[in-house]
Structures are given as C-alpha cells and as structure tokens.
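Q: Attaching a single structure in structure tokens format; questions to follow.
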Amino acid sequence: MAQITDRVHPVQELPTDWRLYFSFSTDHKVIGIQYLVTTFVFYLIGGALAMAIRAELATPESDFVERNAYNGLFTIHATIMIFLWIIPALAGFGNFLVPLMIGAKDMAFPKLNALSFWIIPPAAILLLSSFWTESGPASAGWTSYPPLSLLPVQVGEKLVANTGEFIWILSLVLLGTSSILAAINFIVTILAMRTEGMTLFRMPLFVWATLTASCITALGTPVLAGALILLGMDLMMGTAFFNPTGGGDPVVYQHMFWFYSHPAVYIMVLPAMGMISEILPVFSRKPIFGYKAIAISTMGIAVVGFMVWAHHMFTSGTPDWLRMFFMITSFVVAVPTGIKVFSWLATIWGGKLELTSAMLFAMGFVSMFVVGGLSGVILAAVPVDIHVHDTYFVVAHLHYVLFGGSVFALYAGLYFWFPKMTGRLLNEPWGKIHFALTFIGFNLCFLPMHQLGLQGMPRRVAEYATEFQGLNVLVSVGGFLLGISTLPFLFNAIYSWIWGEKASANPWRALTLEWMTSSPPPVENFDDPLPVITAPPYEYGGKVHDGALTTH
Amino acid sequence: MQSPISSNDPVLNPTLNQEAAHGAGHHEEHPDLRMLGFTLFLISEGMLFVGLFVAYLTFRAAAVTWPPAGTPELEKILPAVFTVILVASSGVIWLAEEALKHGNIAKFRLFLLLTTAMGTVFLAGQVYEWQHLEFGLKSGLFGSTFYVLTGFHGLHVLIGILLQVVIFFRSLKAGHYTPEKHFGVGATSLYWHFVDVVWIFLFALLYVI
Amino acid sequence: MRIPRITPNWSLLVSAVVLTILASLWVGQNAGFLMPVSASVEAKLIDDLFNFMLVIATGIFIGVQGLLLYSAFAFRRTKGDMTDGPPVHDNLKLEIFWTAIPTVLVLYLSVYSFDVFQQIGATDPMTGAHHDTGLPAKAIAQIADPSAPPPLVIQVQAQQYAWIFTYPEKNITAAELHLPLNRPVRLEMKSEDVIHAFWVPQFRLKQDVIPGRTTYVAFTPDKAGQYQLRCAELCGAYHGGMNVDVFVEDQKKVDEWLTSQASLSVETRIAQALPPAARNLPVTWDTPVLETEQTRTLVSNLRSEGQ
C-alpha cells in the first residue's frame, strides 16, 4: 500500500538533526514543532507591530507613522496574531499532542498534515510582502469591512489600487485552507485512531477541545472563504456584492465575516482551555473536577458559539428582534464558560499545588480569562454595547480573552510540554521572571483600556483627544513591558533546547498517555504494542496511582 | 535522548505489528479513513455553498424587487434540460461504481465515460447560456450573484470532470482499482453527487423561486 | 495522609461572601469615574444597567481571584511531599449550584437589558424607514416630559472625513450640531462613501451610518454643554480626526445660532466640516449625489484645491 512505503522511506532519508525541521517531514511531532517555532516567529513580528502602534498612541497627535501606515499596522497586527500565531500555534500543540494523547502512531493523513503546515510560510510571506507594495498592506482593519476595503488607497497625492487588500484576501484564503485541512485531519484522527480502551469519555480534555475546535473550523472557515471570495471579486472584478453603488449590501459581508469570526474566538480559546484542563490537575495532584461537565460544556460553547455572531453588529442597523435574539444567546455563553471556570477552581481547591511556571501561567489564564469573560457579558447587553462598541473597551475585552486567555495558555503549554518535545526542561527561575513580567505588563497594558473605551476613545484611531493621554501613556508602558517580557522566554527556550537539564519521560508525574513514552518520543510514539487504556485520564490520588493505564 | 528511529518500530519491523492489531493506530488497518476525511472535506465545502446561498437569499430579501427592474427574464427550458442531464449523470456514475464493485472494469469504464460526457454537456450548456445572457458580471447585484454562483459551481463541475478523467486513465492500469479497494473512484463518485446536489439547490434558487 | 479540609469553614465562608458583596456594592457606588458625564435621558438608563452589571462582575471577579490567590497560598505542596491530593471527581450539588446561578443571572440580565433597550427606544432602521414616527417618539414620551414638543429632525451626512448637518425646518446646512435642551431629537443619517458611526460618548448612543441606506438614532439631550461627536467605525486614514463639536443648549441659543449660520456663506460653513488635516485629500469614491448637490461640489472643490 502506498502509505506504508511513504512512511518507511522518507523517514530514513530525512535528516536526523535540526535540518529535520526544515524538511517535508510527515511525523506529527516534527510538524507540531514546526508549527510552534514558525508561529512564535510571527508572534514576535506581530508584537513588533503592536510596539509601533503603542509608540504612535503615546501621544494624542498622529506623529509616529503616516496615517495610512498606522491603519496598516493594526490590520496586520491583528491578522498575524489571529491567523499566524494563536490559531496555528494551537494547531501545533494539537499536532504534537493529539496522537500521543490518544495512543496513535501518527495523524490519520501524515502527508496532508505536512501540507497543512507548509501552506503557512508562503501565505505568511505573501501577507508580509504587502508592506512593500505601492499601496502598503491592507488597512481596513482585520475585519476588512467594505466599502472601505474596496477603496483605492491614497499615497501622497495620488490614489493607487488596493493591492495590499487583495494580497490580504489571498493570504487569508490560503491560511483558511490550511486550517480546514488540519481540522479534517484532527477529526478523523480523533474519531478513528484512538487506541484500545480510549473511549470518548476517557480522552484527555485537550483532545475534546481540539475535536470541538476542528468541527468549528471545518464548518465556519468556508463561510469566511465565501465572504473573502466575494470581497475579492468586488475589489478586482468590479462586481457589486458589497458595494452599495451597484445595489450591493455591505452588511451582508459583516454577517458572513462574523459567522466565522465569532466562532473563531472559540477556535482560539477552546484548545487553550483544554491545555489548562491538562495542566491544573497535574500540579494540583488532584483529578480534574467535573470531567464530563467540562467536555460537554466545550461542545455546548461551540454550538451556542455559532448563534451569537451578530453581537458584533449591534450598531450595524441590525433589526431589533435580531439584536434581542443575539443578546440572549450571547449571555447564554456565560453559562458553559462559568462551568469551566468553577470546575478549574474546584480542581485546585484542596490540592497540593506546585507553582511551576506552567502552573503559574495556567492560573494566570483562569484569572485573566475571567476578566475577559466578565467584560464579555457586559458587552453582550445591547444597550451597553451601543455605547462601548468599537471603542477601547472592546480592545481591552478581546485582549483579555485572546492574550490573557489563549496566549497565557500557550505559554503554560510551552513550559509544560517543552520537556516532552525536546527532551529538556525549561529553566524554572527564568520562567517565573517571564511570568511576572508578562502578567504585570499585560495588565498595565490592557486594564486601563476599559476606562479609555468607556470614557470615549474609539478604537483604530491614530489620534485622540488630549484628555486620554495619561492612560494611553500607561498603556504604552505596559505594552513595551509586555514586549520585553518575551525576551527571557526566548532566551530560556533557545538556551534550554541546547543546554537545558535533561528531562525524564515523565518529569511532572502526569498520568496522561503522552507521558508514558520517552521524552522526546520515538518516531511512532510508543514502543509496541500500543498501550491499552483501562482508566480515565486524571486519576490522581486514586488507586491506580502510577499508571492510569496498563500496557500489555 | 532517544534516536528518532526506534528499532522496534512496527513498520520497519513488521513482525512486531501483530499484537498491535487491536490498538486502532495504523493506516493500513483503516483503508476507509480517507473516505471519512473526504466526506468531511465535502461537508466543509458544502458550508461554502451554504454561505453563498444564504448571502444570495439575504440580497434577495433586502431588494425591493427581484430580479431588479430591467433584468431580462432568464431562459428556463434549456437550463432545466441540462439539470436533468446532470442529475441523471449522478445515477450513471453510481452504475459505474457498482460495476467496479462487481469486478466489471469494462462496464465501469463505459459508464464513467458516459458520466464525463454528460458532465461536459452540462458545462457546455452553461457556457452557451453565459454567452447568450443580456447582463454581465458588472451589471449590478443580480448579475454579480448569478455569474459568481453558477461560475463557482461550474468550476466544481470542471474539477469533477478532471477527476473522472484521472480515474479513467488510472483504471487502464490493470489491478489499480479492485472491487474492494477503489478510494479514488468512491471519492470521485461522492464528489459528483455533491456537485449534483449543490446544483439542484442552485437551480431552485436562481431559476425557480 | 493529611487531607486538607474540603468541608467549608462556614463562618469564614459567610464573612467572605458578605465582604465580597459589600466590596462589589462599594465599587458600583464609586464607578462614576469610568464614564463621561451623562447628557441624555437614555444615558441614565444605560448607566444604571452598566452599573448593575459592574457590581455583579466585581463580585464574581473578587470571588474567583480570591479563590485563586487563597489556593495558591493555602494549598501549596510541601517540599518532598510526593503524595496526591484527595481524589475528588465531582460534586453534583455544587455543579448544579454553579450552573443554576449563572443561568438565573443571565436570564435576569436578558430581561433587564431588553427592558432598557425598549425604553431607550433604539429604533430599527429597517422598519424606521417605513414608519415616520416609529418606536422612539412613543418610548421617549414615556420617559421625558409628556408635554415635550415633537422630535426635532436633523439630517446627517457622513463622508470621509466630515459630518454635515441639515436642519430641514430652517433649511440650514452646518458643520456643527446644536441641539436644544430636553427636546427629543431624531437624526436621519446617510453616508456618501464608507461606513461611519455616529457616537457621542456623553449620550451613550452609537449608530453606524451605512452607505446605501438611512439609519436613525433618537434621543433626548438633558444636560447643557459642549461635547464631541466621534466617528466610531474605521473610515480611512483620517478616521481619528473625524470629530465635530456638539452643543446642547437652550432652544433660544440654538435659534440664535441657526440665524447666525444663515448669514454665513455655505462655503464657509462646509469648509468648517472637514478636519484641517483632511482638507487636501483627493475624492476617493465616486459617490451618488449628496443630500444637496451644492455641498457635494463644495467638498469636492475643497479637496481638489489641495492637490
């Protein structure tokens, strides 16, 4: 059979040193690491753009960069952070962990898996190349609302075609394709390749989350692709879908865009929550509290998540009854989310906590995500949203969810699984410094934004009323601190990967399957035969102590 | 640190693989996984069309009159005939697949070629219709939606035809497809049914309601 | 094995809950600094809703952060202790409790928000187009003085990067918005190019202005002062500069201002509409006619002069 030969020969021919990571390897662990390293590079680039944004906003006047360039900065910042950092970084963790956690030798379609990854670098380079076009990069915000996104761009004294916008559309369609292919691979792997005894309700919660997020990706992304295709046609071919002068309706774009882009928040948050559900029990030495409730509320969030998109459009002329419908569904999301938060609190309650860097970031996640969740409930109320929509309050909210949430979880995951990936431990004291800097910088940067928004500062502005300068300086200082906070991590990761303390197979005494094999695991993950699962994944303090599973 | 290639790797050392038969872990134990993956892909692809259809319906609902005043009446008879041909071809490719399952490669090729021919006729009809319409892509919202929806579907038909050509040539190689193992044929056939179903909705949206 | 107490210490729990509630209420009482002055009847209702949610949010915030911090200190593993914590998997009563409480809370919030929404009479722009009076007049009549005059209708044109206001009663077009105190206002808004959004933070109201349709916002200013209308939907390079002054004053002053505007040339008035930095921009969008042909030509001329 074709696939067997595929797997025997390339594995032997591929380099065994660092060059392996630049090859078209089909090993899910190599691909997972490729995803993580690549996306971290984009995280740094997106962060650099954020520094430029904060430099501009340190003063009320538009003086640091040219106005259009400023709009390009926040557009590409958001695009990179969403489509080239959080979503693919979580896919990277999924790639590395899912087959290990369910006791499979690889993903269901290894070549497709490699392809999904290798679409990303060219798409990213394409996106970044738009900085060197005459029009500059896309500058209509990551939401890219028409008709603004369809307009030619003013450069100096003349108008030029909006090449940047077209590149942005192309790049996003490519990245969307990549994540759809990866999602299909995850769904098939999780449904069909679990080892014996790994029933659905014995799957680690990260696997549940990845399964759910993959379903969202597979169902939502095509709709975004549809919206982008129509937008691209309007831009390049002169069609009239979203162009009111030809009879089109720009609001239809908003519906199509948010039909994907709201659930996309759950693509970015659910796997992050899954990682937290893995890490908290290990360092609390207690089983996860309410395993089934968490698994089911994950699915619940995904289902309700598809019915809330128009809460991004409460001021877009959405009819009253529709606004009321979307308000209530948005409120409802708080219930399954609350279940998760309370379950995490109950998990650590009465445990034996070991405050490692991974655990600190995981607890930081719970702490910061709650703030984002609470401001989310406030935003869901239509009357209040009418005031704060498109202001810095929303900017604060989304960063508490996506940075305080997803990025804290990504860091937690990196500290936790780094030894499994590389065979070496990250340095703990440096990790704690990293956590402290991140936590302080993050709150300094994003907490004052709530007040700025409530007070009347719209988002996406290059200039603002002088009364807002004080808070903006504070925000910028926090932003730069947050930028600096990546340095200890970067140093730690590079140093530890080469010279770090060697890790045993199971340095954290965890019970899930990925820790039952060597660090790093062998090519097909487990020494034969595959392990057989006889117990749920988090049996800390139970009878089956040193192995929730047994291997024949 | 462990060597990346384990000596007791089951693929390199197949004797070790015996016991792993229960551990649902390996591709060769799941020849049907590709079909599951492909089905999921089509569901995902279907969402693209659902998105476009709903957008169309929204445009339509928001418009005061639809099609907008001054839009020439669409010819309906000819598209209906082509619709019948496309829907029928779905049955023909099913016959082809059945023939293959019974080991009758010659009959399989015959029905496959017939499907391709019917698909080509449909596509030619589409091109003919496009050439004879009195509105263009840029003549307002109706033109835009009409051409993009039919064009997008037409692209899918074209891909389906190309897939059929590929599996036809592959089937010329003896033993490439067997009654038990013919993922390429199964996927092409499923894809063709998908294209067909999409067209039924599209026809209803554009010509009937 | 030393298992930490999981059964709650009731007196500690009760006092923590009471303290949390008191702290939340205190925050609610002192959250005024978060919002700008409220200058419309609607703003009061929205602020009350916001404050209510802020109190609830503060309570949950303190609860969660308190539990996290308490756990981080109280449940630390002692060095060398390799044993596990108690194998607690779930607690049905507790789970029902923390599912039910948020459910009841969001249901109550839904009802409360719905009620505020009805009262502020946020009108549906889709149906508003067909009904002249629509919801707001009725809704406003209930809150404001019942003998209040009918709403003052003002036409608003938004375009990159200016707000232009037309007072149809007096047939005056101006670059500032002057609103009479305590009289309901209804703005009929159109955009000539891209999406903009009307937002006056002191009124707490926002409505996108969407090309190809008319949108409406209705409210009753109830505090005299000078405020700023800020564009709240990204509309291009000068989005941050698309601001204009809004004055709420006595009807008499508004009338005086209108008279003074009538004596100015239209050119002068429109010239004021564009932010200085944006006056030399080329016209980027071939728009259909403005409300008055005159203003469109003027703005175009203003822009092309700078080229």
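To be explicit about the labels: the chains of the structure tokens are called A, B, and onward in the order shown, and within each one the residues are counted from 1, while ligands get numbers from 1 in the order they are shown.
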How close does chain A get to chain B? List, as JSON lines, each residue of chain A within 6 Å, its nearest atom pair and the distance in Å to one decimal, counting only C-alpha atoms.
A:
{"residue": "A:Ala104", "atom": "CA", "partner": "B:Gly25", "partner_atom": "CA", "distance": 4.7}
{"residue": "A:Lys105", "atom": "CA", "partner": "B:Gly25", "partner_atom": "CA", "distance": 5.8}
{"residue": "A:Met193", "atom": "CA", "partner": "B:Gly25", "partner_atom": "CA", "distance": 5.1}
{"residue": "A:Arg194", "atom": "CA", "partner": "B:Ala24", "partner_atom": "CA", "distance": 5.8}
{"residue": "A:Thr195", "atom": "CA", "partner": "B:Gly23", "partner_atom": "CA", "distance": 4.6}
{"residue": "A:Glu196", "atom": "CA", "partner": "B:Gly23", "partner_atom": "CA", "distance": 4.9}
{"residue": "A:Ala218", "atom": "CA", "partner": "B:Ser44", "partner_atom": "CA", "distance": 5.2}
{"residue": "A:Leu219", "atom": "CA", "partner": "B:Ser44", "partner_atom": "CA", "distance": 5.4}
{"residue": "A:Pro222", "atom": "CA", "partner": "B:Leu48", "partner_atom": "CA", "distance": 4.5}
{"residue": "A:Val223", "atom": "CA", "partner": "B:Leu48", "partner_atom": "CA", "distance": 5.0}
{"residue": "A:Gly226", "atom": "CA", "partner": "B:Leu48", "partner_atom": "CA", "distance": 5.7}
{"residue": "A:Gly238", "atom": "CA", "partner": "B:Lys138", "partner_atom": "CA", "distance": 5.9}
{"residue": "A:Thr239", "atom": "CA", "partner": "B:Lys138", "partner_atom": "CA", "distance": 5.0}
{"residue": "A:Ala240", "atom": "CA", "partner": "B:Leu141", "partner_atom": "CA", "distance": 5.1}
{"residue": "A:Phe241", "atom": "CA", "partner": "B:Leu141", "partner_atom": "CA", "distance": 5.8}
{"residue": "A:Gly246", "atom": "CA", "partner": "B:Gly140", "partner_atom": "CA", "distance": 4.9}
{"residue": "A:Gly247", "atom": "CA", "partner": "B:Leu141", "partner_atom": "CA", "distance": 5.6}
{"residue": "A:Gly248", "atom": "CA", "partner": "B:Leu141", "partner_atom": "CA", "distance": 5.7}
{"residue": "A:Pro522", "atom": "CA", "partner": "B:Pro4", "partner_atom": "CA", "distance": 5.4}
{"residue": "A:Val523", "atom": "CA", "partner": "B:Pro4", "partner_atom": "CA", "distance": 5.4}
{"residue": "A:Pro529", "atom": "CA", "partner": "B:Ala20", "partner_atom": "CA", "distance": 4.9}
{"residue": "A:Leu530", "atom": "CA", "partner": "B:Gly23", "partner_atom": "CA", "distance": 5.7}
Q: If we count only C-alpha atoms, what is near C:Pro87 at a cut-off of 9 Å, once residues fewer than 3 positions away on the same chain are taken out, given as an MDAnalysis selection string?
A: (chainID A and resid 285:287 539:542) or (chainID C and resid 84)
Q: Using only C-alpha atoms, which of B:Phe194, B:Phe168, B:Phe146, B:Tyr207 sits nearest B:Leu112?
A: B:Phe168
Q: Stretch 104-245 of chain C: which residues are strand (DSSP E) by DSSP, as a PyMOL selection string?
A: chain C and resi 152-159+162-167+172-174+177-180+185-191+196-200+205-209+215-219+225-230+243-245
Q: When DSSP works through the backbone of this structure, what residues of stretch 52-227 of chain A end up as helix (DSSP H, G or I), shown as a PyMOL selection string?
A: chain A and resi 52-56+67-102+110-132+148-150+163-192+200-202+205-227
Q: In Å, rounded to a single decimal, give me how far atom CA of A:Ala493 is from atom CA of A:Gly441.
A: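 Atom-to-atom, atom CA of A:Gly441 and atom CA of A:Ala493 are spaced 20.2 Å apart.
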Q: Contacts of A:Ser496 at 9 Å or less, counting only C-alpha atoms, minus same-chain residues fewer than 4 places along, as a list in words?
A: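 In the requested form, the answer reads Arg424, Leu425, Leu426, Asn427, Phe491, Asn492, Gly500 and Glu501 of chain A.
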Q: Rounded to one decimal, what separation in Å do you get between atom CA of A:Phe22 and atom CA of A:Gln34?
A: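 Taking atom CA of A:Phe22 as the start and atom CA of A:Gln34 as the end point, the length is 7.9 Å.
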Q: Work out how far apart atom CA of C:Leu25 and atom CA of C:Leu105 are and give it in Å to one decimal.
A: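 Computing the Euclidean distance for atom CA of C:Leu25 and atom CA of C:Leu105 yields 16.6 Å.
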Q: Kindly indicate which residue among C:Val200, C:Arg213, C:Ile46, C:Phe247 lies nearest to chain B, using only C-alpha atoms for the distances.
A: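 Ranking C:Val200, C:Arg213, C:Ile46, C:Phe247 by distance to chain B, first place goes to C:Arg213.
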Q: Measuring atom to atom with only C-alpha atoms, identify which of C:Val209, C:Val27, C:Ile164, C:Leu264 is nearest to chain A.
A: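 Ranking C:Val209, C:Val27, C:Ile164, C:Leu264 by distance to chain A, first place goes to C:Val209.
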Q: A:Ser144: which residues within 10 Å, counting only C-alpha atoms, same-chain residues fewer than 3 positions away excluded, as a list in words?
A: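 Close residues of A:Ser144: Thr75, Ala138, Ser139, Ala140, Gly141, Pro147, Leu148, Ser149, Leu150, Glu165, Trp168, Ile169, Leu228, Leu231, Tyr253, Gln254 and Phe257 of chain A; Leu234 of chain C.
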